[in-house]
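Pasting target.pdb here (PDB, C-alpha atoms):
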```pdb
ATOM      1  CA  MET A   8     130.057 -41.033  50.477
ATOM      2  CA  HIS A   9     128.720 -41.671  53.971
ATOM      3  CA  ASP A  10     129.974 -39.226  56.602
ATOM      4  CA  PRO A  11     130.422 -41.148  59.875
ATOM      5  CA  LEU A  12     130.515 -37.844  61.789
ATOM      6  CA  ALA A  13     127.038 -36.804  60.623
ATOM      7  CA  GLN A  14     125.568 -38.645  63.609
ATOM      8  CA  PHE A  15     127.052 -36.071  65.997
ATOM      9  CA  PRO A  16     124.921 -32.928  66.466
ATOM     10  CA  GLY A  17     127.920 -30.772  67.374
ATOM     11  CA  TYR A  18     129.719 -31.737  64.184
ATOM     12  CA  VAL A  19     126.626 -31.124  62.052
ATOM     13  CA  LEU A  20     126.050 -27.773  63.766
ATOM     14  CA  ARG A  21     129.640 -26.686  63.044
ATOM     15  CA  ARG A  22     129.349 -27.748  59.409
ATOM     16  CA  ALA A  23     126.003 -25.958  59.059
ATOM     17  CA  SER A  24     127.490 -22.838  60.643
ATOM     18  CA  SER A  25     130.497 -22.872  58.322
ATOM     19  CA  ALA A  26     128.346 -23.347  55.222
ATOM     20  CA  THR A  27     125.814 -20.669  56.121
ATOM     21  CA  LEU A  28     128.434 -18.092  57.143
ATOM     22  CA  ALA A  29     130.285 -18.666  53.880
ATOM     23  CA  GLU A  30     127.058 -18.081  51.970
ATOM     24  CA  LEU A  31     126.239 -14.947  53.963
ATOM     25  CA  ASN A  32     129.758 -13.603  53.380
ATOM     26  CA  ARG A  33     129.337 -14.152  49.630
ATOM     27  CA  ARG A  34     126.119 -12.144  49.713
ATOM     28  CA  LEU A  35     127.768  -9.364  51.735
ATOM     29  CA  ALA A  36     130.872  -9.177  49.528
ATOM     30  CA  PRO A  37     129.415  -6.544  47.147
ATOM     31  CA  LEU A  38     129.039  -4.265  50.203
ATOM     32  CA  HIS A  39     132.670  -5.011  51.211
ATOM     33  CA  LEU A  40     131.520  -6.460  54.523
ATOM     34  CA  ARG A  41     131.748  -9.781  56.339
ATOM     35  CA  HIS A  42     129.354 -11.261  58.851
ATOM     36  CA  THR A  43     131.391  -9.977  61.805
ATOM     37  CA  ASP A  44     131.207  -6.420  60.437
ATOM     38  CA  VAL A  45     127.457  -6.740  60.019
ATOM     39  CA  ALA A  46     126.930  -8.099  63.529
ATOM     40  CA  PHE A  47     128.960  -5.222  64.915
ATOM     41  CA  LEU A  48     127.150  -2.561  62.883
ATOM     42  CA  LEU A  49     123.729  -3.959  63.798
ATOM     43  CA  LEU A  50     124.692  -4.016  67.474
ATOM     44  CA  VAL A  51     125.852  -0.390  67.370
ATOM     45  CA  GLU A  52     122.693   0.595  65.509
ATOM     46  CA  ALA A  53     120.554  -1.054  68.210
ATOM     47  CA  SER A  54     122.641   0.434  71.045
ATOM     48  CA  PRO A  55     123.951   3.882  70.064
ATOM     49  CA  GLY A  56     126.640   4.954  72.496
ATOM     50  CA  ILE A  57     127.605   1.392  73.405
ATOM     51  CA  THR A  58     131.202   1.304  74.498
ATOM     52  CA  GLN A  59     133.763  -0.374  72.346
ATOM     53  CA  SER A  60     134.573  -2.814  75.140
ATOM     54  CA  ALA A  61     130.902  -3.714  75.764
ATOM     55  CA  ALA A  62     130.366  -4.328  72.048
ATOM     56  CA  GLY A  63     133.448  -6.542  71.950
ATOM     57  CA  ARG A  64     132.265  -8.554  74.946
ATOM     58  CA  SER A  65     128.788  -8.935  73.479
ATOM     59  CA  LEU A  66     130.136 -10.303  70.188
ATOM     60  CA  GLU A  67     133.055 -12.165  71.789
ATOM     61  CA  ILE A  68     135.674 -10.220  69.848
ATOM     62  CA  GLN A  69     139.020 -10.439  71.575
ATOM     63  CA  ARG A  70     140.188  -7.191  73.119
ATOM     64  CA  ALA A  71     143.380  -7.130  71.035
ATOM     65  CA  ASN A  72     141.298  -7.302  67.857
ATOM     66  CA  MET A  73     138.827  -4.573  68.792
ATOM     67  CA  VAL A  74     140.954  -1.504  68.107
ATOM     68  CA  PRO A  75     141.916  -2.448  64.529
ATOM     69  CA  PHE A  76     138.401  -3.798  63.884
ATOM     70  CA  VAL A  77     136.715  -0.550  64.946
ATOM     71  CA  ALA A  78     139.422   1.554  63.258
ATOM     72  CA  ARG A  79     138.729  -0.193  59.958
ATOM     73  CA  LEU A  80     134.986   0.539  60.158
ATOM     74  CA  GLN A  81     135.712   4.088  61.264
ATOM     75  CA  ALA A  82     138.119   4.600  58.349
ATOM     76  CA  ARG A  83     135.288   3.603  56.015
ATOM     77  CA  GLY A  84     133.190   6.376  57.543
ATOM     78  CA  LEU A  85     130.677   3.962  59.088
ATOM     79  CA  LEU A  86     131.344   4.538  62.784
ATOM     80  CA  GLU A  87     132.396   7.350  64.993
ATOM     81  CA  ARG A  88     133.953   7.094  68.411
ATOM     82  CA  ARG A  89     133.809   9.554  71.236
ATOM     83  CA  PRO A  90     135.545   9.321  74.589
ATOM     84  CA  VAL A  91     133.340   8.428  77.526
ATOM     85  CA  ASP A  92     135.980   8.513  80.234
ATOM     86  CA  GLY A  93     139.711   8.024  80.381
ATOM     87  CA  ARG A  94     139.755   4.804  78.357
ATOM     88  CA  SER A  95     136.250   3.990  77.116
ATOM     89  CA  GLN A  96     135.039   4.893  73.643
ATOM     90  CA  ALA A  97     131.330   5.218  72.833
ATOM     91  CA  LEU A  98     130.325   4.133  69.345
ATOM     92  CA  GLN A  99     127.599   5.268  67.006
ATOM     93  CA  LEU A 100     126.851   4.923  63.332
ATOM     94  CA  THR A 101     127.543   7.829  61.030
ATOM     95  CA  PRO A 102     124.920   8.827  58.444
ATOM     96  CA  ARG A 103     126.926   6.770  55.933
ATOM     97  CA  GLY A 104     126.885   3.837  58.371
ATOM     98  CA  ARG A 105     123.104   4.074  58.814
ATOM     99  CA  LYS A 106     122.652   4.110  55.039
ATOM    100  CA  LEU A 107     124.822   1.018  54.648
ATOM    101  CA  VAL A 108     123.023  -0.779  57.484
ATOM    102  CA  ALA A 109     119.731  -0.260  55.625
ATOM    103  CA  LYS A 110     121.249  -2.098  52.633
ATOM    104  CA  VAL A 111     122.720  -4.748  54.929
ATOM    105  CA  ARG A 112     119.306  -5.445  56.447
ATOM    106  CA  LYS A 113     117.904  -6.302  53.016
ATOM    107  CA  VAL A 114     120.756  -8.721  52.345
ATOM    108  CA  VAL A 115     120.448 -10.340  55.771
ATOM    109  CA  GLU A 116     116.657 -10.611  55.596
ATOM    110  CA  SER A 117     116.872 -12.251  52.163
ATOM    111  CA  PHE A 118     119.554 -14.621  53.419
ATOM    112  CA  GLU A 119     117.567 -15.549  56.535
ATOM    113  CA  ALA A 120     114.429 -16.197  54.465
ATOM    114  CA  SER A 121     116.345 -18.481  52.097
ATOM    115  CA  LEU A 122     117.921 -20.251  55.054
ATOM    116  CA  LEU A 123     114.572 -20.994  56.696
ATOM    117  CA  ALA A 124     113.074 -22.032  53.360
ATOM    118  CA  ARG A 125     115.451 -25.033  53.437
ATOM    119  CA  VAL A 126     113.776 -26.275  56.608
ATOM    120  CA  PRO A 127     110.469 -28.134  56.315
ATOM    121  CA  ALA A 128     107.614 -25.729  57.095
ATOM    122  CA  LYS A 129     106.422 -27.637  60.165
ATOM    123  CA  LEU A 130     109.918 -27.435  61.718
ATOM    124  CA  ARG A 131     110.580 -23.722  61.061
ATOM    125  CA  PRO A 132     109.021 -22.481  64.320
ATOM    126  CA  MET A 133     111.472 -24.717  66.223
ATOM    127  CA  VAL A 134     114.692 -23.636  64.515
ATOM    128  CA  LEU A 135     115.443 -20.541  66.566
ATOM    129  CA  PRO A 136     114.363 -21.967  69.952
ATOM    130  CA  VAL A 137     116.538 -25.061  69.420
ATOM    131  CA  LEU A 138     119.552 -22.988  68.373
ATOM    132  CA  MET A 139     119.040 -20.590  71.298
ATOM    133  CA  ALA A 140     118.848 -23.544  73.709
ATOM    134  CA  LEU A 141     122.168 -24.852  72.404
ATOM    135  CA  TRP A 142     123.792 -21.427  72.551
ATOM    136  CA  LYS A 143     122.476 -20.134  75.868
ATOM    137  CA  THR A 144     122.637 -23.332  77.918
ATOM    138  CA  PRO A 145     125.539 -23.091  80.372
ATOM    139  CA  ALA A 146     128.267 -25.645  79.872
TER     140      ALA A 146
END
```
Re-express the file's structure as structure tokens.
Amino acid sequence: MHDPLAQFPGYVLRRASSATLAELNRRLAPLHLRHTDVAFLLLVEASPGITQSAAGRSLEIQRANMVPFVARLQARGLLERRPVDGRSQALQLTPRGRKLVAKVRKVVESFEASLLARVPAKLRPMVLPVLMALWKTPA
């Protein structure tokens, strides 16, 4: 069946995003993680000591969702928090978290390779720049 919306780049981008995130989540399921968990863990790994609020802003996680989100990862023994000042909490991975992130990287790298393999070879170098242009261009 012909999809009359397939002519709209925004629609196609949303559909592509939904399909790829669903696939990534399936691949992460054996680790009991979702893509948002992985993004958060990779951010903390890259920025040890990042505050909970800065991490939330960076990943656009609503403030009300941050406390239970971080508490869930902390309860799994993946993160630890330490007070920075009266209200801020610095985050870092625990040894268990670092071990899991090493496994996560393999899953993500495999997923990313399979994703790019779907794109014709001559277009692959353009994929990330085009997506970054759409994401980073001010509205």
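Between CA of Met133 in chain A and CA of Glu30 in chain A lies a distance of 22.1 Å.
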Residues matched by the PyMOL selection byres ((chain A and resi 56-67) around 12) as an mmCIF file with C-alpha atoms, keeping the file's coordinate frame:
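File written: selection07.cif
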```cif
data_model
loop_
_atom_site.group_PDB
_atom_site.id
_atom_site.type_symbol
_atom_site.label_atom_id
_atom_site.label_comp_id
_atom_site.auth_asym_id
_atom_site.auth_seq_id
_atom_site.Cartn_x
_atom_site.Cartn_y
_atom_site.Cartn_z
ATOM 1 C CA HIS A 42 129.354 -11.261 58.851
ATOM 2 C CA THR A 43 131.391 -9.977 61.805
ATOM 3 C CA ASP A 44 131.207 -6.420 60.437
ATOM 4 C CA VAL A 45 127.457 -6.740 60.019
ATOM 5 C CA ALA A 46 126.930 -8.099 63.529
ATOM 6 C CA PHE A 47 128.960 -5.222 64.915
ATOM 7 C CA LEU A 48 127.150 -2.561 62.883
ATOM 8 C CA LEU A 49 123.729 -3.959 63.798
ATOM 9 C CA LEU A 50 124.692 -4.016 67.474
ATOM 10 C CA VAL A 51 125.852 -0.390 67.370
ATOM 11 C CA GLU A 52 122.693 0.595 65.509
ATOM 12 C CA ALA A 53 120.554 -1.054 68.210
ATOM 13 C CA SER A 54 122.641 0.434 71.045
ATOM 14 C CA PRO A 55 123.951 3.882 70.064
ATOM 15 C CA ILE A 68 135.674 -10.220 69.848
ATOM 16 C CA GLN A 69 139.020 -10.439 71.575
ATOM 17 C CA ARG A 70 140.188 -7.191 73.119
ATOM 18 C CA ALA A 71 143.380 -7.130 71.035
ATOM 19 C CA ASN A 72 141.298 -7.302 67.857
ATOM 20 C CA MET A 73 138.827 -4.573 68.792
ATOM 21 C CA VAL A 74 140.954 -1.504 68.107
ATOM 22 C CA PRO A 75 141.916 -2.448 64.529
ATOM 23 C CA PHE A 76 138.401 -3.798 63.884
ATOM 24 C CA VAL A 77 136.715 -0.550 64.946
ATOM 25 C CA ALA A 78 139.422 1.554 63.258
ATOM 26 C CA LEU A 86 131.344 4.538 62.784
ATOM 27 C CA GLU A 87 132.396 7.350 64.993
ATOM 28 C CA ARG A 88 133.953 7.094 68.411
ATOM 29 C CA ARG A 89 133.809 9.554 71.236
ATOM 30 C CA PRO A 90 135.545 9.321 74.589
ATOM 31 C CA VAL A 91 133.340 8.428 77.526
ATOM 32 C CA ASP A 92 135.980 8.513 80.234
ATOM 33 C CA ARG A 94 139.755 4.804 78.357
ATOM 34 C CA SER A 95 136.250 3.990 77.116
ATOM 35 C CA GLN A 96 135.039 4.893 73.643
ATOM 36 C CA ALA A 97 131.330 5.218 72.833
ATOM 37 C CA LEU A 98 130.325 4.133 69.345
ATOM 38 C CA GLN A 99 127.599 5.268 67.006
ATOM 39 C CA LEU A 100 126.851 4.923 63.332
ATOM 40 C CA THR A 101 127.543 7.829 61.030
#
```
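Straight-line separation from CA of Ala29 in chain A to CA of Ala124 in chain A: 17.5 Å.
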message = Applying the PyMOL selection byres ((chain A and resi 134-145) around 10) to the file I just gave you, which residues come out? Please list them as a list in words.
response = Gly17, Leu20, Leu123, Val126, Leu130, Arg131, Pro132, Met133 and Ala146 of chain A
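Across the structure, CA of Phe118 in chain A and CA of His39 in chain A are spaced 16.4 Å apart.
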message = If we count all atoms listed in the file and set the cut-off at 8 Å, which residues sit around range 114-117 of chain A, ignoring sequence neighbours fewer than 2 positions away in its own chain? Please answer as an MDAnalysis selection string.
response = chainID A and resid 31 34:35 110:112 119:121
I'd like the box whose edges run along x, y and z of the file and which contains every listed atom of range 92-102 of chain A, padded by 8 Å per side; could you state its centre and edge lengths in Å, one decimal, as AutoDock Vina command-line options?
```
--center_x 132.3 --center_y 6.4 --center_z 69.4 --size_x 30.8 --size_y 20.8 --size_z 37.9
```
Since the input lacks some atoms of range 24-49 of chain A, please model N, CA, C and O atoms and print them as a short mmCIF file (atom, residue, chain, number, x, y, z; two decimals), in the frame of the given file.
```
data_model
loop_
_atom_site.label_atom_id
_atom_site.label_comp_id
_atom_site.auth_asym_id
_atom_site.auth_seq_id
_atom_site.Cartn_x
_atom_site.Cartn_y
_atom_site.Cartn_z
N SER A 24 127.04 -24.20 60.37
CA SER A 24 127.49 -22.84 60.64
C SER A 24 128.50 -22.38 59.60
O SER A 24 128.40 -21.28 59.06
N SER A 25 129.48 -23.23 59.31
CA SER A 25 130.50 -22.87 58.32
C SER A 25 129.88 -22.62 56.95
O SER A 25 130.21 -21.64 56.28
N ALA A 26 128.97 -23.48 56.54
CA ALA A 26 128.35 -23.35 55.22
C ALA A 26 127.48 -22.09 55.14
O ALA A 26 127.54 -21.35 54.15
N THR A 27 126.70 -21.83 56.17
CA THR A 27 125.81 -20.67 56.12
C THR A 27 126.58 -19.36 56.23
O THR A 27 126.25 -18.39 55.56
N LEU A 28 127.63 -19.32 57.05
CA LEU A 28 128.43 -18.09 57.14
C LEU A 28 129.16 -17.82 55.84
O LEU A 28 129.28 -16.66 55.41
N ALA A 29 129.62 -18.85 55.18
CA ALA A 29 130.28 -18.67 53.88
C ALA A 29 129.29 -18.09 52.88
O ALA A 29 129.62 -17.17 52.11
N GLU A 30 128.07 -18.60 52.89
CA GLU A 30 127.06 -18.08 51.97
C GLU A 30 126.71 -16.63 52.30
O GLU A 30 126.61 -15.79 51.41
N LEU A 31 126.54 -16.33 53.57
CA LEU A 31 126.24 -14.95 53.96
C LEU A 31 127.38 -14.02 53.55
O LEU A 31 127.13 -12.93 53.01
N ASN A 32 128.62 -14.43 53.76
CA ASN A 32 129.76 -13.60 53.38
C ASN A 32 129.79 -13.36 51.87
O ASN A 32 130.15 -12.26 51.43
N ARG A 33 129.41 -14.35 51.09
CA ARG A 33 129.34 -14.15 49.63
C ARG A 33 128.30 -13.09 49.29
O ARG A 33 128.51 -12.26 48.42
N ARG A 34 127.18 -13.12 49.98
CA ARG A 34 126.12 -12.14 49.71
C ARG A 34 126.51 -10.74 50.18
O ARG A 34 126.05 -9.75 49.62
N LEU A 35 127.33 -10.66 51.20
CA LEU A 35 127.77 -9.36 51.74
C LEU A 35 128.96 -8.78 50.97
O LEU A 35 129.23 -7.58 51.08
N ALA A 36 129.65 -9.60 50.22
CA ALA A 36 130.87 -9.18 49.53
C ALA A 36 130.68 -7.92 48.67
O ALA A 36 131.54 -7.03 48.69
N PRO A 37 129.57 -7.78 47.93
CA PRO A 37 129.42 -6.54 47.15
C PRO A 37 129.38 -5.27 48.00
O PRO A 37 129.68 -4.19 47.51
N LEU A 38 129.05 -5.41 49.28
CA LEU A 38 129.04 -4.26 50.20
C LEU A 38 130.39 -4.12 50.91
O LEU A 38 130.54 -3.25 51.76
N HIS A 39 131.33 -5.01 50.59
CA HIS A 39 132.67 -5.01 51.21
C HIS A 39 132.58 -5.20 52.72
O HIS A 39 133.28 -4.53 53.49
N LEU A 40 131.71 -6.13 53.11
CA LEU A 40 131.52 -6.46 54.52
C LEU A 40 131.56 -7.97 54.70
O LEU A 40 131.33 -8.72 53.76
N ARG A 41 131.84 -8.38 55.94
CA ARG A 41 131.75 -9.78 56.34
C ARG A 41 130.74 -9.87 57.48
O ARG A 41 130.34 -8.85 58.03
N HIS A 42 130.39 -11.09 57.83
CA HIS A 42 129.35 -11.26 58.85
C HIS A 42 129.73 -10.62 60.19
O HIS A 42 128.85 -10.10 60.87
N THR A 43 131.00 -10.61 60.55
CA THR A 43 131.39 -9.98 61.80
C THR A 43 131.18 -8.46 61.75
O THR A 43 130.76 -7.86 62.74
N ASP A 44 131.45 -7.85 60.60
CA ASP A 44 131.21 -6.42 60.44
C ASP A 44 129.73 -6.12 60.61
O ASP A 44 129.34 -5.16 61.29
N VAL A 45 128.90 -6.94 59.98
CA VAL A 45 127.46 -6.74 60.02
C VAL A 45 126.93 -6.88 61.44
O VAL A 45 126.13 -6.06 61.91
N ALA A 46 127.37 -7.91 62.14
CA ALA A 46 126.93 -8.10 63.53
C ALA A 46 127.30 -6.87 64.37
O ALA A 46 126.49 -6.37 65.16
N PHE A 47 128.49 -6.38 64.16
CA PHE A 47 128.96 -5.22 64.92
C PHE A 47 128.14 -3.98 64.58
O PHE A 47 127.68 -3.25 65.48
N LEU A 48 127.92 -3.73 63.30
CA LEU A 48 127.15 -2.56 62.88
C LEU A 48 125.71 -2.64 63.37
O LEU A 48 125.14 -1.62 63.83
N LEU A 49 125.10 -3.81 63.31
CA LEU A 49 123.73 -3.96 63.80
C LEU A 49 123.65 -3.76 65.31
O LEU A 49 122.69 -3.17 65.81
#
```
